[in-house]
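A.B. asks: Once you've had a glance at the structure underneath, I'll fire off some questions.
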Amino acid sequence: RKLAEAPLDSISLCAAGDIALLLREPVIAKRFFELAAKASPEWYRPQLGIGSAGMMNFDFDLALKGYAEARARTKNEKLTRMLSGAIKELQQILRIGL
């Protein structure tokens with residue numbers, strides 16, 4: 001509850017999410033990234049973090065959605081290609097039901 005009231009910008013929220021991922025706390029990380037996405041809905045970085053939190057938590061649907069949203073928001077061609085590869089891999093995982 002207090003986290004939602006914290007006066008942090010989206011860059012700081014993503015940094016906090018990254019730290020939570022490093023500490024292997026994907027649920028906490030996801031919350032930071034969701035707050036960052038709310039603060040900056042057009043920025044790709046929070047969505048990338050949400051996708052990474054999903055991967056760490058074996059929530060492949062969330063990971064797929066986060067990576068697809070990040071890909072739609074970035075103009076970086078290298079990142080777009082990388083995310084496209086990750087999305088393709090996740091789609092295959094979801095199809096075979098691992």
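Just remember, in the structure tokens the first chain shown is A, the second B, etc., residues are 1-based per chain, and ligands are 1-based in the order shown.
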What's around segment 43-57 of chain A at 7 Å? Count only C-alpha atoms, leave out sequence neighbours fewer than 4 positions away in its own chain, and write the answer as an MDAnalysis selection string.
C.D. replies: chainID A and resid 14 21 26 29:30 33:34 36:37 62:67 69:70 73:74
A.B. asks: Quick one: DSSP alpha helix (DSSP H) residues in segment 3-68 of chain A, as a ChimeraX atom specification?
C.D. replies: /A:3-5,10-22,26-39,44-56,60-68
A.B. asks: Pick from A:Arg71, A:Leu13, A:Asn76, A:Asp61: nearest to Gln91 of chain A, with only C-alpha atoms counted?
C.D. replies: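 Checking each of A:Arg71, A:Leu13, A:Asn76, A:Asp61 against Gln91 of chain A, counting only C-alpha atoms, the winner is A:Asp61.
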